[in-house]
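Please read the structure below before turning to the comments.
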Amino acid sequence: MSAEALSLQGQVALITGAARGIGAASARLAAERGARVVIADRRMDEGEVLAAELNAQRPGCAIAITLDIGNEEDWQKGVAQAEAAFGKLDILVNNAGIIRVQPLREMTSETFRKVIDVNLVGTFLGVKYGQEAMVRAGGGSIVNLSSVQGLEGREGFTAYASSKFGVRGLTKSAALELGPLGIRVNAVIPGPTKTKMTERPGWTAEDYDRAYKGYPLGRMADPSEVAEMILFLASNAASFITGGDFAVDGGVTTGKPRLLG
Ligand code: NAD
């Protein structure tokens, strides 16, 4: 793969949930590859710090905006802010997401709806308003974050898995509609990745890796490893790829680990 094809020089990327975790790693890599980056998050404090970090490396390459992905007006405003700051929008990474782990029999409909509203409706709104700007820009690439729980169920994950299966359906249907407009739409399926989302009180680094010992790569991912796939799909190196979903999961969905010696 050529560095030229992976380059994001001259491109404008809006990344949701970019204040931390996989979103922040994606913002750093996008800026490193030459893009101008809109860091969109509910958390302005951390978003501003990241924008300052990126601007210190390449002046004027990043802004931070407040955007709650479940809020339609925020999307209209956010896309307009991106276009006002950088003139266009070429890349949208629908990364922001939440998780609620709870047994089905204890979960309220409010909790279930909240997860669907952020993870699935929020991604839908991003595609809806992002594609409008991309049509104005003459094309673009959208990358949606699903999960290994978008491929298989897990106890306690009814709301989260439903939302992440939904993101894959949304991605494929949107790819069909938006391909003729020059917009590619793909999904990334991260496996266990070391971020705030997966933090467990009192766990050490060894505890995390031990939890995945039986799987092919036997560890969790660093957010930068997921960002590599996200920015590959965003770039021209993926110019013939749309409607796909790509696991970066260390093999956790390959099969069941051996449980008995
Ligand atoms: P994280 O919790 O570390 O960061 C998520 C970011 O999204 C935060 O900055 C948060 O403020 C922001 N956010 C949450 N709700 C928002 C909203 N309504 N509007 C705007 N911003 C909002 O999470 P992460 O681990 O970096 O996860 C990123 C994405 O990857 C999520 O969609 C998640 O479901 C998915 N994912 C993560 C893992 C993992 O193991 N970490 C695995 C599979 C999929």
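Every chain in the structure tokens has a letter given in the order shown (A, B, ...), and although residue numbers restart at 1 in each chain, ligands are simply numbered from 1 in the order shown.
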### Task
For A:Ala221, please output as number ranges by chain all residues within 7 Å (counting only C-alpha atoms; exclusion window: fewer than 2 positions along the same chain).
A: 192-194, 219, 223, 225
Include N, CA, C and O atoms and write out the residues we just selected as an mmCIF file, in the first residue's frame.
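What follows is the written file result.cif:
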data_model
loop_
_atom_site.group_PDB
_atom_site.id
_atom_site.type_symbol
_atom_site.label_atom_id
_atom_site.label_comp_id
_atom_site.auth_asym_id
_atom_site.auth_seq_id
_atom_site.Cartn_x
_atom_site.Cartn_y
_atom_site.Cartn_z
ATOM 1 N N PRO A 192 -11.769 -6.149 21.767
ATOM 2 C CA PRO A 192 -11.468 -5.473 23.034
ATOM 3 C C PRO A 192 -10.283 -4.514 22.896
ATOM 4 O O PRO A 192 -9.190 -4.925 22.512
ATOM 5 N N THR A 193 -10.534 -3.256 23.208
ATOM 6 C CA THR A 193 -9.535 -2.202 23.006
ATOM 7 C C THR A 193 -9.377 -1.427 24.306
ATOM 8 O O THR A 193 -10.382 -1.128 24.974
ATOM 9 N N LYS A 194 -8.145 -1.087 24.644
ATOM 10 C CA LYS A 194 -7.876 -0.418 25.931
ATOM 11 C C LYS A 194 -8.298 1.043 25.884
ATOM 12 O O LYS A 194 -7.566 1.903 25.393
ATOM 13 N N ARG A 219 -4.420 -10.664 23.703
ATOM 14 C CA ARG A 219 -4.299 -9.367 24.383
ATOM 15 C C ARG A 219 -5.376 -8.432 23.858
ATOM 16 O O ARG A 219 -6.074 -8.759 22.894
ATOM 17 N N PRO A 223 -5.768 1.601 21.050
ATOM 18 C CA PRO A 223 -6.670 2.339 20.151
ATOM 19 C C PRO A 223 -6.041 2.685 18.801
ATOM 20 O O PRO A 223 -6.737 2.752 17.774
ATOM 21 N N GLU A 225 -4.284 0.873 16.951
ATOM 22 C CA GLU A 225 -4.381 -0.255 16.008
ATOM 23 C C GLU A 225 -5.745 -0.257 15.305
ATOM 24 O O GLU A 225 -5.868 -0.672 14.157
#
### Query
So which bits of stretch 45-166 of chain A end up helix (DSSP H, G or I) when you DSSP the backbone, as a ChimeraX atom specification?
/A:45-57,72-86,109-137,148-150,158-166
Can you spit out the residues from that selection as a compact mmCIF listing (two decimals), in the first residue's frame, using C-alpha atoms?
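File written: result19.txt
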# COMPACT_ATOMS: atom_id res chain seq x y z
CA ASP A 45 -12.51 19.86 27.91
CA GLU A 46 -10.62 16.84 26.54
CA GLY A 47 -11.51 17.74 22.93
CA GLU A 48 -9.97 21.21 23.33
CA VAL A 49 -6.79 19.72 24.82
CA LEU A 50 -6.44 17.34 21.86
CA ALA A 51 -7.09 20.15 19.34
CA ALA A 52 -4.35 22.21 21.01
CA GLU A 53 -1.98 19.23 20.82
CA LEU A 54 -2.62 18.75 17.09
CA ASN A 55 -2.42 22.49 16.34
CA ALA A 56 0.94 22.65 18.12
CA GLN A 57 2.22 20.08 15.62
CA GLU A 72 -30.30 16.32 15.22
CA GLU A 73 -29.70 20.08 15.64
CA ASP A 74 -26.17 19.41 16.88
CA TRP A 75 -25.47 17.51 13.66
CA GLN A 76 -26.77 20.32 11.45
CA LYS A 77 -24.67 22.81 13.42
CA GLY A 78 -21.61 20.55 13.54
CA VAL A 79 -21.47 19.88 9.81
CA ALA A 80 -21.92 23.63 9.16
CA GLN A 81 -19.07 24.38 11.61
CA ALA A 82 -16.79 21.93 9.77
CA GLU A 83 -17.59 23.51 6.41
CA ALA A 84 -17.19 27.03 7.80
CA ALA A 85 -13.80 26.22 9.34
CA PHE A 86 -12.28 24.11 6.58
CA SER A 109 -36.78 0.19 28.25
CA GLU A 110 -35.29 3.65 28.97
CA THR A 111 -31.79 2.19 29.20
CA PHE A 112 -32.30 0.09 26.08
CA ARG A 113 -33.63 3.11 24.17
CA LYS A 114 -30.76 5.33 25.35
CA VAL A 115 -28.14 2.96 23.92
CA ILE A 116 -30.01 2.61 20.63
CA ASP A 117 -30.55 6.36 20.49
CA VAL A 118 -26.86 7.19 20.83
CA ASN A 119 -25.17 4.30 19.03
CA LEU A 120 -27.64 3.65 16.22
CA VAL A 121 -29.78 6.77 15.77
CA GLY A 122 -26.68 8.92 16.37
CA THR A 123 -24.83 7.07 13.60
CA PHE A 124 -27.85 7.38 11.30
CA LEU A 125 -27.95 11.15 11.90
CA GLY A 126 -24.23 11.38 11.15
CA VAL A 127 -24.68 9.56 7.84
CA LYS A 128 -27.75 11.66 7.00
CA TYR A 129 -26.15 15.07 7.59
CA GLY A 130 -22.58 14.06 6.73
CA GLN A 131 -23.52 12.82 3.27
CA GLU A 132 -25.18 16.15 2.43
CA ALA A 133 -21.85 17.92 2.94
CA MET A 134 -20.02 15.18 1.02
CA VAL A 135 -22.32 15.60 -1.96
CA ARG A 136 -21.40 19.31 -1.88
CA ALA A 137 -17.71 18.29 -1.73
CA VAL A 148 -17.55 -7.64 17.79
CA GLN A 149 -20.93 -7.44 19.55
CA GLY A 150 -22.27 -6.47 16.13
CA THR A 158 -28.66 -6.91 24.65
CA ALA A 159 -28.85 -3.13 24.14
CA TYR A 160 -25.26 -2.66 22.99
CA ALA A 161 -25.26 -5.68 20.65
CA SER A 162 -28.60 -4.64 19.15
CA SER A 163 -27.20 -1.18 18.42
CA LYS A 164 -23.97 -2.54 16.92
CA PHE A 165 -25.73 -5.15 14.73
CA GLY A 166 -27.88 -2.21 13.61
Per-residue nearest contacts of chain A to ligand 1 (8 Å; only C-alpha atoms and all ligand atoms) as a tab-separated table:
residue	atom	partner	partner_atom_place_in_ligand_line	distance
A:Thr16	CA	ligand 1	21 (N)	5.8
A:Gly17	CA	ligand 1	7 (O)	3.3
A:Ala18	CA	ligand 1	9 (O)	5.6
A:Ala19	CA	ligand 1	9 (O)	4.3
A:Arg20	CA	ligand 1	9 (O)	4.6
A:Gly21	CA	ligand 1	26 (O)	3.4
A:Ile22	CA	ligand 1	26 (O)	3.8
A:Gly23	CA	ligand 1	26 (O)	5.6
A:Ala24	CA	ligand 1	26 (O)	7.6
A:Ala40	CA	ligand 1	20 (C)	6.7
A:Asp41	CA	ligand 1	21 (N)	3.9
A:Arg42	CA	ligand 1	20 (C)	4.4
A:Arg43	CA	ligand 1	11 (O)	4.9
A:Glu46	CA	ligand 1	9 (O)	7.8
A:Gly47	CA	ligand 1	9 (O)	7.9
A:Thr66	CA	ligand 1	20 (C)	7.6
A:Leu67	CA	ligand 1	20 (C)	5.4
A:Asp68	CA	ligand 1	19 (N)	3.4
A:Ile69	CA	ligand 1	19 (N)	4.1
A:Gly70	CA	ligand 1	18 (N)	5.4
A:Asn71	CA	ligand 1	18 (N)	7.8
A:Asn94	CA	ligand 1	32 (O)	7.5
A:Asn95	CA	ligand 1	32 (O)	4.7
A:Ala96	CA	ligand 1	7 (O)	3.8
A:Gly97	CA	ligand 1	32 (O)	3.7
A:Ile98	CA	ligand 1	14 (C)	5.4
A:Ile99	CA	ligand 1	34 (O)	6.6
A:Val118	CA	ligand 1	18 (N)	5.3
A:Asn119	CA	ligand 1	32 (O)	6.7
A:Gly122	CA	ligand 1	18 (N)	7.2
A:Leu145	CA	ligand 1	32 (O)	5.1
A:Ser146	CA	ligand 1	44 (C)	5.7
A:Ser147	CA	ligand 1	43 (C)	3.9
A:Val148	CA	ligand 1	43 (C)	6.0
A:Gln149	CA	ligand 1	43 (C)	7.2
A:Tyr160	CA	ligand 1	34 (O)	7.8
A:Lys164	CA	ligand 1	34 (O)	7.6
A:Ile189	CA	ligand 1	43 (C)	6.2
A:Pro190	CA	ligand 1	43 (C)	4.2
A:Gly191	CA	ligand 1	42 (C)	4.8
A:Pro192	CA	ligand 1	40 (O)	3.6
A:Thr193	CA	ligand 1	40 (O)	3.6
A:Lys194	CA	ligand 1	41 (N)	5.8
A:Thr195	CA	ligand 1	3 (O)	4.5
A:Lys196	CA	ligand 1	3 (O)	4.1
A:Met197	CA	ligand 1	2 (O)	4.0
A:Thr198	CA	ligand 1	41 (N)	5.5
A:Met220	CA	ligand 1	40 (O)	7.9
A:Ala221	CA	ligand 1	40 (O)	7.8
A:Pro223	CA	ligand 1	26 (O)	7.1
### Task
For each of A:Phe240, A:Trp203, A:Phe157, A:Tyr215, take the minimum atom-to-atom distance to A:Gly179, counting only C-alpha atoms, then give the residue where this is smallest.
A:Phe240
### Message
What's around A:Gly243 at 6 Å? Count only C-alpha atoms, leave out sequence neighbours fewer than 2 positions away in its own chain, and write the answer as number ranges by chain.
### Response
A: 172, 175, 185-186
Output file for the residues above (N, CA, C and O atoms, as a short mmCIF file (atom, residue, chain, number, x, y, z; two decimals), in the first residue's frame):
data_model
loop_
_atom_site.label_atom_id
_atom_site.label_comp_id
_atom_site.auth_asym_id
_atom_site.auth_seq_id
_atom_site.Cartn_x
_atom_site.Cartn_y
_atom_site.Cartn_z
N LYS A 172 -24.47 -1.04 5.41
CA LYS A 172 -24.64 -1.70 4.11
C LYS A 172 -25.73 -1.02 3.28
O LYS A 172 -25.58 -0.82 2.07
N ALA A 175 -24.46 2.30 2.04
CA ALA A 175 -23.47 2.12 0.97
C ALA A 175 -24.18 1.96 -0.38
O ALA A 175 -23.72 2.49 -1.41
N VAL A 185 -19.21 3.84 2.23
CA VAL A 185 -19.62 3.70 3.63
C VAL A 185 -19.19 2.31 4.12
O VAL A 185 -19.58 1.30 3.52
N ASN A 186 -18.39 2.29 5.15
CA ASN A 186 -17.90 1.01 5.69
C ASN A 186 -18.00 1.01 7.21
O ASN A 186 -18.17 2.05 7.83
#
### Task
To one decimal in Å, tell me the separation between atom CA of A:Asn236 and atom CA of A:Thr171.
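Interatomic distance, atom CA of A:Asn236 to atom CA of A:Thr171: 18.7 Å.
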